[in-house]
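Following: one structure in structure tokens, then a few remarks.
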2 protein chains.
Amino acid sequence: METRELRYFVAVAEELHFSRAAERLGIAQPPLSRAISGLERRLGVALFERTSRAVTLTEAGSVLLAEGRAVLGAVAAAERRTQRAATGRTGLVLVTKAGVAGDLLKKVLAAYAAEPDAVDVDVVLCEAHEQERLLRGGQADVALMHRPYDSTTGFDTEELFTEGQVVILPAGHPLTARSHVRTADVTALADLPMARWPAPDGTYPDGPGAEVRNLTQLYQLIALGRTTVILAESCLAHLRQDLAAVPVVDAPPVTTLIAWPPHSRSRAVASLVRAALRCAPDDLSELRPGLAGRGRGSRSSR
Amino acid sequence: METRELRYFVAVAEELHFSRAAERLGIAQPPLSRAISGLERRLGVALFERTSRAVTLTEAGSVLLAEGRAVLGAVAAAERRTQRAATGRTGLVLVTKAGVAGDLLKKVLAAYAAEPDAVDVDVVLCEAHEQERLLRGGQADVALMHRPYDSTTGFDTEELFTEGQVVILPAGHPLTARSHVRTADVTALADLPMARWPAPDGTYPDGPGAEVRNLTQLYQLIALGRTTVILAESCLAHLRQDLAAVPVVDAPPVTTLIAWPPHSRSRAVASLVRAALRCAPDDLSELRPGLAGRGRGSRSSR
DNA sequence: AGCATTGATACCCGGCTGGTATCGATCCGC
DNA sequence: GCGGATCGATACCAGCCGGGTATCAATGCT
């Protein structure tokens, strides 16, 4: 199976229309039909049901669509990583969301820099699910992510620490007088609908709350009394003066983890991960002494 | 980048010899040289250093070798999974090592069978690291694996439970009188060298102990007084009468986990994983009440 | 019934992949 | 130091295959 065939197949599977897919691919329709037929013949599998008016995926076609997208992504990532390795740029690129786990990041970088074999680390701060895309696409070497917010599927990961969540409110809001709240207390605030984050594909779920992509937008809208949000409690370290936070006792815990692409043979990534694991519990105990010992995972299989 | 080019590149990178690689690929040497040159030109990257007497990989070439192997594996897996999906065989294939976590497997299968949308599950028992190969290669849908013994890199996983390890000895061996031992006590047994398991690539590390691939071989050799081994304590459930086990207090804990290929869109796999998570802690508490609560992971990101 | 839509087929062309022959450079043995 | 052996690169040729245009066949809509 050649990547060209996979590209053709994915285009048709996404359009469910040979002519449109051909146009998208920049070729004519007949060669595309032939390529798909050849692929089906060689696999010995029907990928589409054609009724001359409608094209639908077979069960096998659905499987190949998911697999094919992954393969094409892996090919593109392989090209980028190869080209990055060739530029002589020996440094690592670490991506994370802006404003999250800032202290942890600082400690990890310091711990890694003290390693004898340390290389330069470029830190890229990005919004929403961009880090996932960059790591998957081969533009980054390692990422700090947060379960359950980010999808770590297909990455190798190590858990660094786990923390509770808090609701962020305008200073002086009635709820800020409480020592703690429950999720239902927050969703019951009709005047402060919960902010909406984008899904990994960039679309926003329906709802009354504001659409946000980063903490700056979010904090501004909360300060204006337009929205509210539930976030990992480590955001308290840099909270604006005009905002207040209250622990949400029944919110699911947030796990900060370090992720890297599988098959990474990079010594530098392995060293950075070890440095992160070494300093994570200390960082945690300073942030929230009561939670120490909950987080340290053991996922190394390299 | 076409998969043909990748196959060619990987062959040359592995042989570090154009003529031998061409022979392995079943083509002549000149087209192979041309294909590699073309790949380098299109990527804008030197993959090999050629000195007309020796071929070596550049840094970029090493990266592409690791990435390329992964991509080719993913392509082969995509083909197999597609073909499996087309046969109408709706069942799942679950692979695990023979003789390990037998009770857990039984409970997981029972819990899953009770699901309304359950499909048939073929259980494949294999040796050593075969399960990893089967899952990676697309011949299996889901696997039970053991950290740190198996490599889960590139898979999505959920931890089921964690347990301690025991040393297996011939009944009546002096050490069996002890309530517990340390790893050093076991390695100090000059007459009972530790058994050697194969590495993922099938080779055995050097050492005096017997080379084994499964529990039947292993137990026989231990009963004969030829070797010993440290195993997860759940093996006690089916231990032969002529063998005895002693807890090893400083051995690293063993985590049993359920693993599946990323990008799996299969509803059946997701359902089976949920069933496994649901019944894992119960199983644990029956095996070892004292360890309850240690194991349950929370790695879902699907 | 007639037309529009859409995928499949027929046929041709050009480029690319693969083959053979050969060159050029390097290493090794005498 | 020289000749032969080794090995990758280059030159050149042939056949296949990918891509294009024209057209057909089947279906659905008016």
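Letters A, B, ... go to the chains of the structure tokens in the order shown; residues in each chain start at 1; ligands are counted from 1 in the same order.
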
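Within 12 Å of chain B, and counting only C-alpha atoms (C1' of nucleotides), chain C contributes DC16, DT17, DG18, DG19, DT20, DA21, DT22, DG24, DA25, DT26, DC27 and DC28 of chain C.
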
Would you pick out the contacts of DG29 in chain C at 12 Å or less, using only C-alpha atoms (C1' of nucleotides), so that residues sharing its chain but fewer than 2 positions from it are not included, and give the list as a PDB file with C-alpha atoms (C1' of nucleotides), in the first residue's frame?
ATOM      1  C1'  DC C  27      41.100  -0.192  -0.193  1.00  0.00           C
TER       2       DC C  27
ATOM      3  C1'  DG D   1      53.508   1.422  -5.918  1.00  0.00           C
ATOM      4  C1'  DC D   2      50.575  -1.005  -8.800  1.00  0.00           C
ATOM      5  C1'  DG D   3      46.800  -4.020 -10.116  1.00  0.00           C
ATOM      6  C1'  DG D   4      42.696  -6.028  -8.842  1.00  0.00           C
ATOM      7  C1'  DA D   5      38.554  -6.045  -6.144  1.00  0.00           C
TER       8       DA D   5
END

May I have the residues of chain A within 8 Å of chain B, counting only C-alpha atoms, written as a PyMOL selection string?
chain A and resi 1-4+43-46+59-61+63-64+66-68+70-71+74-75+78-79+81-86+147-148+150-156+261-265+299-302

Identify all chain D residues at most 9 Å from chain A by counting only C-alpha atoms (C1' of nucleotides); ligands do not count. Present them as an MDAnalysis selection string.
chainID D and resid 18:20 26:28

Export of prior selection with C-alpha atoms (C1' of nucleotides) as a short mmCIF file (atom, residue, chain, number, x, y, z; two decimals), in the first residue's frame:
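Output file result.cif is given in full below:
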data_model
loop_
_atom_site.label_atom_id
_atom_site.label_comp_id
_atom_site.auth_asym_id
_atom_site.auth_seq_id
_atom_site.Cartn_x
_atom_site.Cartn_y
_atom_site.Cartn_z
"C1'" DG D 18 -0.13 6.81 -13.39
"C1'" DG D 19 -2.66 10.50 -15.37
"C1'" DG D 20 -5.38 12.77 -19.05
"C1'" DA D 26 -26.71 3.46 -14.39
"C1'" DT D 27 -29.60 6.05 -11.59
"C1'" DG D 28 -32.63 9.67 -10.03
#

Excluding Leu272 in chain A and its own-chain neighbours fewer than 6 positions away, which residues fall within 12 Å of it when counting only C-alpha atoms (C1' of nucleotides)? Please give them as a PyMOL selection string.
chain A and resi 91-94+105+107-121+141-144+158+258-260+266+278-280

Okay, now the selection with C-alpha atoms, as an mmCIF file, in the first residue's frame?
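Result went into out.cif, see below:
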data_model
loop_
_atom_site.group_PDB
_atom_site.id
_atom_site.type_symbol
_atom_site.label_atom_id
_atom_site.label_comp_id
_atom_site.auth_asym_id
_atom_site.auth_seq_id
_atom_site.Cartn_x
_atom_site.Cartn_y
_atom_site.Cartn_z
ATOM 1 C CA GLY A 91 17.796 21.550 20.788
ATOM 2 C CA LEU A 92 14.503 20.167 22.013
ATOM 3 C CA VAL A 93 11.118 21.793 21.484
ATOM 4 C CA LEU A 94 8.782 21.557 24.458
ATOM 5 C CA LEU A 105 7.903 23.940 33.930
ATOM 6 C CA LYS A 107 11.711 23.488 37.799
ATOM 7 C CA VAL A 108 11.765 20.870 35.094
ATOM 8 C CA LEU A 109 13.832 23.094 32.833
ATOM 9 C CA ALA A 110 16.225 23.905 35.665
ATOM 10 C CA ALA A 111 16.594 20.251 36.630
ATOM 11 C CA TYR A 112 17.204 19.267 33.039
ATOM 12 C CA ALA A 113 19.691 22.075 32.439
ATOM 13 C CA ALA A 114 21.755 20.695 35.326
ATOM 14 C CA GLU A 115 22.128 17.380 33.510
ATOM 15 C CA PRO A 116 25.586 16.801 32.025
ATOM 16 C CA ASP A 117 24.145 15.999 28.576
ATOM 17 C CA ALA A 118 21.537 18.768 28.521
ATOM 18 C CA VAL A 119 20.777 20.531 25.221
ATOM 19 C CA ASP A 120 18.879 23.750 24.615
ATOM 20 C CA VAL A 121 15.137 23.581 25.148
ATOM 21 C CA ASP A 141 9.654 16.778 20.805
ATOM 22 C CA VAL A 142 7.856 16.733 24.121
ATOM 23 C CA ALA A 143 4.754 18.287 25.696
ATOM 24 C CA LEU A 144 3.237 18.971 29.072
ATOM 25 C CA GLU A 158 4.670 9.837 32.413
ATOM 26 C CA ILE A 258 4.782 14.772 30.154
ATOM 27 C CA ALA A 259 4.206 13.221 26.733
ATOM 28 C CA TRP A 260 6.436 12.385 23.785
ATOM 29 C CA SER A 266 16.205 10.671 21.381
ATOM 30 C CA ARG A 278 12.652 13.671 39.528
ATOM 31 C CA CYS A 279 11.405 17.144 40.346
ATOM 32 C CA ALA A 280 7.653 16.672 39.979
#

Run DSSP on the backbone and give me the residues of range 42-251 of chain B it puts in helix (DSSP H, G or I), as a PyMOL selection string.
chain B and resi 42-43+59-86+102-113+130-137+174-177+183-187+215-223+233-238

Those residues you just picked out, can you put them in a file as a PDB file, in the first residue's frame with C-alpha atoms?
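Printed below is part-v2.pdb as written:
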ATOM      1  CA  ARG B  42      13.081  15.817  -2.059  1.00  0.00           C
ATOM      2  CA  LEU B  43      13.508  15.943   1.714  1.00  0.00           C
ATOM      3  CA  GLU B  59      21.716  12.061  12.433  1.00  0.00           C
ATOM      4  CA  ALA B  60      18.696  12.726  10.247  1.00  0.00           C
ATOM      5  CA  GLY B  61      18.985   9.228   8.835  1.00  0.00           C
ATOM      6  CA  SER B  62      18.799   7.706  12.302  1.00  0.00           C
ATOM      7  CA  VAL B  63      15.642   9.655  12.976  1.00  0.00           C
ATOM      8  CA  LEU B  64      14.086   8.547   9.712  1.00  0.00           C
ATOM      9  CA  LEU B  65      15.047   4.946  10.403  1.00  0.00           C
ATOM     10  CA  ALA B  66      13.141   4.897  13.688  1.00  0.00           C
ATOM     11  CA  GLU B  67      10.206   6.804  12.213  1.00  0.00           C
ATOM     12  CA  GLY B  68      10.202   4.799   9.019  1.00  0.00           C
ATOM     13  CA  ARG B  69      10.095   1.467  10.799  1.00  0.00           C
ATOM     14  CA  ALA B  70       7.144   2.710  12.805  1.00  0.00           C
ATOM     15  CA  VAL B  71       5.392   3.938   9.668  1.00  0.00           C
ATOM     16  CA  LEU B  72       5.954   0.687   7.779  1.00  0.00           C
ATOM     17  CA  GLY B  73       4.670  -1.240  10.764  1.00  0.00           C
ATOM     18  CA  ALA B  74       1.617   0.990  10.887  1.00  0.00           C
ATOM     19  CA  VAL B  75       0.978   0.464   7.177  1.00  0.00           C
ATOM     20  CA  ALA B  76       1.209  -3.307   7.520  1.00  0.00           C
ATOM     21  CA  ALA B  77      -1.074  -3.174  10.542  1.00  0.00           C
ATOM     22  CA  ALA B  78      -3.558  -0.997   8.664  1.00  0.00           C
ATOM     23  CA  GLU B  79      -3.727  -3.552   5.858  1.00  0.00           C
ATOM     24  CA  ARG B  80      -4.266  -6.458   8.228  1.00  0.00           C
ATOM     25  CA  ARG B  81      -6.887  -4.645  10.268  1.00  0.00           C
ATOM     26  CA  THR B  82      -8.725  -3.631   7.131  1.00  0.00           C
ATOM     27  CA  GLN B  83      -8.710  -7.168   5.829  1.00  0.00           C
ATOM     28  CA  ARG B  84      -9.840  -8.519   9.180  1.00  0.00           C
ATOM     29  CA  ALA B  85     -12.704  -6.037   9.257  1.00  0.00           C
ATOM     30  CA  ALA B  86     -13.816  -7.196   5.822  1.00  0.00           C
ATOM     31  CA  GLY B 102      -5.794 -16.205  34.529  1.00  0.00           C
ATOM     32  CA  ASP B 103      -8.457 -15.309  37.032  1.00  0.00           C
ATOM     33  CA  LEU B 104      -8.536 -11.703  35.951  1.00  0.00           C
ATOM     34  CA  LEU B 105      -8.940 -12.741  32.339  1.00  0.00           C
ATOM     35  CA  LYS B 106     -11.835 -14.996  33.260  1.00  0.00           C
ATOM     36  CA  LYS B 107     -13.597 -12.192  35.098  1.00  0.00           C
ATOM     37  CA  VAL B 108     -12.977  -9.659  32.371  1.00  0.00           C
ATOM     38  CA  LEU B 109     -14.403 -11.988  29.747  1.00  0.00           C
ATOM     39  CA  ALA B 110     -17.424 -12.732  31.913  1.00  0.00           C
ATOM     40  CA  ALA B 111     -18.026  -9.050  32.629  1.00  0.00           C
ATOM     41  CA  TYR B 112     -17.729  -8.184  28.956  1.00  0.00           C
ATOM     42  CA  ALA B 113     -19.955 -11.049  27.843  1.00  0.00           C
ATOM     43  CA  GLU B 130       4.639 -12.230  20.986  1.00  0.00           C
ATOM     44  CA  GLN B 131       1.545 -10.411  22.200  1.00  0.00           C
ATOM     45  CA  GLU B 132       3.256  -7.081  21.593  1.00  0.00           C
ATOM     46  CA  ARG B 133       4.051  -8.089  18.053  1.00  0.00           C
ATOM     47  CA  LEU B 134       0.516  -9.311  17.404  1.00  0.00           C
ATOM     48  CA  LEU B 135      -1.064  -6.142  18.760  1.00  0.00           C
ATOM     49  CA  ARG B 136       1.354  -3.907  16.873  1.00  0.00           C
ATOM     50  CA  GLY B 137       0.906  -5.900  13.695  1.00  0.00           C
ATOM     51  CA  PRO B 174      16.243 -23.435  52.326  1.00  0.00           C
ATOM     52  CA  LEU B 175      14.999 -19.980  51.328  1.00  0.00           C
ATOM     53  CA  THR B 176      11.387 -21.183  51.397  1.00  0.00           C
ATOM     54  CA  ALA B 177      11.574 -21.141  55.180  1.00  0.00           C
ATOM     55  CA  THR B 183      16.444  -9.445  45.451  1.00  0.00           C
ATOM     56  CA  ALA B 184      20.047  -9.752  46.587  1.00  0.00           C
ATOM     57  CA  ASP B 185      19.194 -12.972  48.452  1.00  0.00           C
ATOM     58  CA  VAL B 186      17.987 -14.483  45.196  1.00  0.00           C
ATOM     59  CA  THR B 187      20.863 -13.361  43.009  1.00  0.00           C
ATOM     60  CA  LEU B 215       5.885 -20.834  32.328  1.00  0.00           C
ATOM     61  CA  THR B 216       5.749 -24.547  31.535  1.00  0.00           C
ATOM     62  CA  GLN B 217       9.423 -24.618  30.577  1.00  0.00           C
ATOM     63  CA  LEU B 218      10.253 -22.411  33.504  1.00  0.00           C
ATOM     64  CA  TYR B 219       8.421 -24.418  36.169  1.00  0.00           C
ATOM     65  CA  GLN B 220       9.929 -27.644  34.931  1.00  0.00           C
ATOM     66  CA  LEU B 221      13.437 -26.234  35.155  1.00  0.00           C
ATOM     67  CA  ILE B 222      12.814 -24.818  38.620  1.00  0.00           C
ATOM     68  CA  ALA B 223      11.420 -28.147  39.813  1.00  0.00           C
ATOM     69  CA  GLU B 233       2.569 -12.925  42.862  1.00  0.00           C
ATOM     70  CA  SER B 234      -0.648 -13.706  40.974  1.00  0.00           C
ATOM     71  CA  CYS B 235       1.166 -16.743  39.591  1.00  0.00           C
ATOM     72  CA  LEU B 236       0.546 -18.350  43.012  1.00  0.00           C
ATOM     73  CA  ALA B 237      -2.976 -19.160  41.884  1.00  0.00           C
ATOM     74  CA  HIS B 238      -1.737 -21.942  39.599  1.00  0.00           C
TER      75      HIS B 238
END

Work out how far CA of Thr228 in chain A is from CA of Pro247 in chain A, in Å to one decimal.
13.4 Å

Within 12 Å of DA10 in chain C, counting only C-alpha atoms (C1' of nucleotides), which residues qualify if same-chain residues fewer than 5 places away don't, as a PyMOL selection string?
(chain A and resi 30) or (chain D and resi 21-24)

In Å, rounded to a single decimal, give me how far CA of Leu257 in chain B is from CA of Pro252 in chain A.
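So the answer is 21.9 Å.
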
Among range 17-175 of chain A, which residues does DSSP mark as strand (DSSP E) when it is run on the backbone? Keep the chain and numbering as in the structure and answer as a PyMOL selection string.
chain A and resi 48-50+55-57+92-97+121-126+142-147+156-163+165-170

Save the residues we just selected, N, CA and C atoms, as a CSV table (one decimal), in the first residue's frame?
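Result file out_14.csv:
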chain,number,residue,atom,x,y,z
A,48,PHE,N,-15.7,0.7,-0.5
A,48,PHE,CA,-16.9,1.5,-0.7
A,48,PHE,C,-18.0,0.7,-1.2
A,49,GLU,N,-19.2,1.1,-0.9
A,49,GLU,CA,-20.4,0.7,-1.6
A,49,GLU,C,-20.8,1.8,-2.6
A,50,ARG,N,-20.8,1.5,-3.9
A,50,ARG,CA,-21.1,2.5,-4.9
A,50,ARG,C,-22.5,2.1,-5.5
A,55,VAL,N,-22.0,7.1,-2.6
A,55,VAL,CA,-20.8,6.4,-2.2
A,55,VAL,C,-20.8,6.3,-0.6
A,56,THR,N,-20.8,5.1,-0.1
A,56,THR,CA,-20.7,4.9,1.4
A,56,THR,C,-19.5,4.0,1.7
A,57,LEU,N,-19.0,4.2,2.9
A,57,LEU,CA,-17.9,3.4,3.4
A,57,LEU,C,-18.4,2.0,3.9
A,92,LEU,N,15.8,20.8,21.9
A,92,LEU,CA,14.5,20.2,22.0
A,92,LEU,C,13.5,21.3,21.9
A,93,VAL,N,12.3,20.9,21.5
A,93,VAL,CA,11.1,21.8,21.5
A,93,VAL,C,10.1,21.2,22.4
A,94,LEU,N,9.8,22.0,23.5
A,94,LEU,CA,8.8,21.6,24.5
A,94,LEU,C,7.6,22.5,24.3
A,95,VAL,N,6.4,21.9,24.2
A,95,VAL,CA,5.2,22.7,24.0
A,95,VAL,C,4.3,22.5,25.3
A,96,THR,N,3.6,23.5,25.7
A,96,THR,CA,2.7,23.4,26.7
A,96,THR,C,1.7,24.6,26.6
A,97,LYS,N,0.6,24.5,27.3
A,97,LYS,CA,-0.3,25.6,27.3
A,97,LYS,C,0.2,26.8,28.1
A,121,VAL,N,16.6,23.9,25.2
A,121,VAL,CA,15.1,23.6,25.1
A,121,VAL,C,14.4,24.8,24.7
A,122,ASP,N,13.7,24.8,23.6
A,122,ASP,CA,12.8,25.8,23.2
A,122,ASP,C,11.5,25.6,23.7
A,123,VAL,N,10.9,26.5,24.4
A,123,VAL,CA,9.6,26.4,25.0
A,123,VAL,C,8.6,27.1,24.1
A,124,VAL,N,7.6,26.3,23.7
A,124,VAL,CA,6.6,26.9,22.8
A,124,VAL,C,5.3,26.9,23.6
A,125,LEU,N,4.7,28.1,23.9
A,125,LEU,CA,3.4,28.1,24.6
A,125,LEU,C,2.3,28.2,23.6
A,126,CYS,N,1.3,27.4,23.7
A,126,CYS,CA,0.3,27.4,22.7
A,126,CYS,C,-1.1,27.4,23.3
A,142,VAL,N,8.4,17.1,22.8
A,142,VAL,CA,7.9,16.7,24.1
A,142,VAL,C,6.8,17.8,24.5
A,143,ALA,N,5.8,17.4,25.3
A,143,ALA,CA,4.8,18.3,25.7
A,143,ALA,C,4.4,18.0,27.1
A,144,LEU,N,3.9,19.1,27.8
A,144,LEU,CA,3.2,19.0,29.1
A,144,LEU,C,1.7,19.0,28.8
A,145,MET,N,1.0,18.0,29.2
A,145,MET,CA,-0.4,18.0,28.9
A,145,MET,C,-1.2,17.7,30.2
A,146,HIS,N,-2.5,17.7,30.1
A,146,HIS,CA,-3.4,17.6,31.3
A,146,HIS,C,-4.5,16.6,31.0
A,147,ARG,N,-4.5,15.6,31.7
A,147,ARG,CA,-5.6,14.6,31.6
A,147,ARG,C,-6.7,15.1,32.6
A,156,ASP,N,3.6,8.3,24.3
A,156,ASP,CA,4.1,7.7,25.5
A,156,ASP,C,4.0,8.8,26.6
A,157,THR,N,3.7,8.5,27.8
A,157,THR,CA,3.5,9.5,28.8
A,157,THR,C,4.1,9.1,30.2
A,158,GLU,N,4.4,10.1,31.0
A,158,GLU,CA,4.7,9.8,32.4
A,158,GLU,C,3.8,10.8,33.2
A,159,GLU,N,3.2,10.3,34.2
A,159,GLU,CA,2.4,11.3,35.1
A,159,GLU,C,3.3,12.0,36.0
A,160,LEU,N,3.0,13.3,36.1
A,160,LEU,CA,3.9,14.1,37.0
A,160,LEU,C,3.2,14.4,38.3
A,161,PHE,N,2.0,14.9,38.3
A,161,PHE,CA,1.3,15.1,39.5
A,161,PHE,C,-0.2,15.3,39.3
A,162,THR,N,-1.0,15.1,40.3
A,162,THR,CA,-2.4,15.2,40.2
A,162,THR,C,-2.9,16.3,41.2
A,163,GLU,N,-3.9,17.0,40.8
A,163,GLU,CA,-4.4,18.1,41.6
A,163,GLU,C,-5.9,18.2,41.5
A,165,GLN,N,-9.5,20.7,41.3
A,165,GLN,CA,-9.9,21.9,40.5
A,165,GLN,C,-10.6,22.9,41.3
A,166,VAL,N,-10.5,24.1,40.8
A,166,VAL,CA,-11.2,25.3,41.5
A,166,VAL,C,-12.1,26.0,40.5
A,167,VAL,N,-13.1,26.7,40.9
A,167,VAL,CA,-13.9,27.5,40.0
A,167,VAL,C,-13.3,29.0,40.2
A,168,ILE,N,-13.2,29.6,39.0
A,168,ILE,CA,-12.7,31.0,39.0
A,168,ILE,C,-13.8,32.0,38.9
A,169,LEU,N,-13.9,32.9,39.7
A,169,LEU,CA,-15.0,33.9,39.8
A,169,LEU,C,-14.5,35.3,39.9
A,170,PRO,N,-15.4,36.3,39.5
A,170,PRO,CA,-15.0,37.7,39.8
A,170,PRO,C,-14.8,37.9,41.3

What separation in Å, quoted to one decimal, exists between CA of Leu243 in chain B and CA of Gly202 in chain B?
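Between CA of Leu243 in chain B and CA of Gly202 in chain B the gap works out to 27.4 Å.
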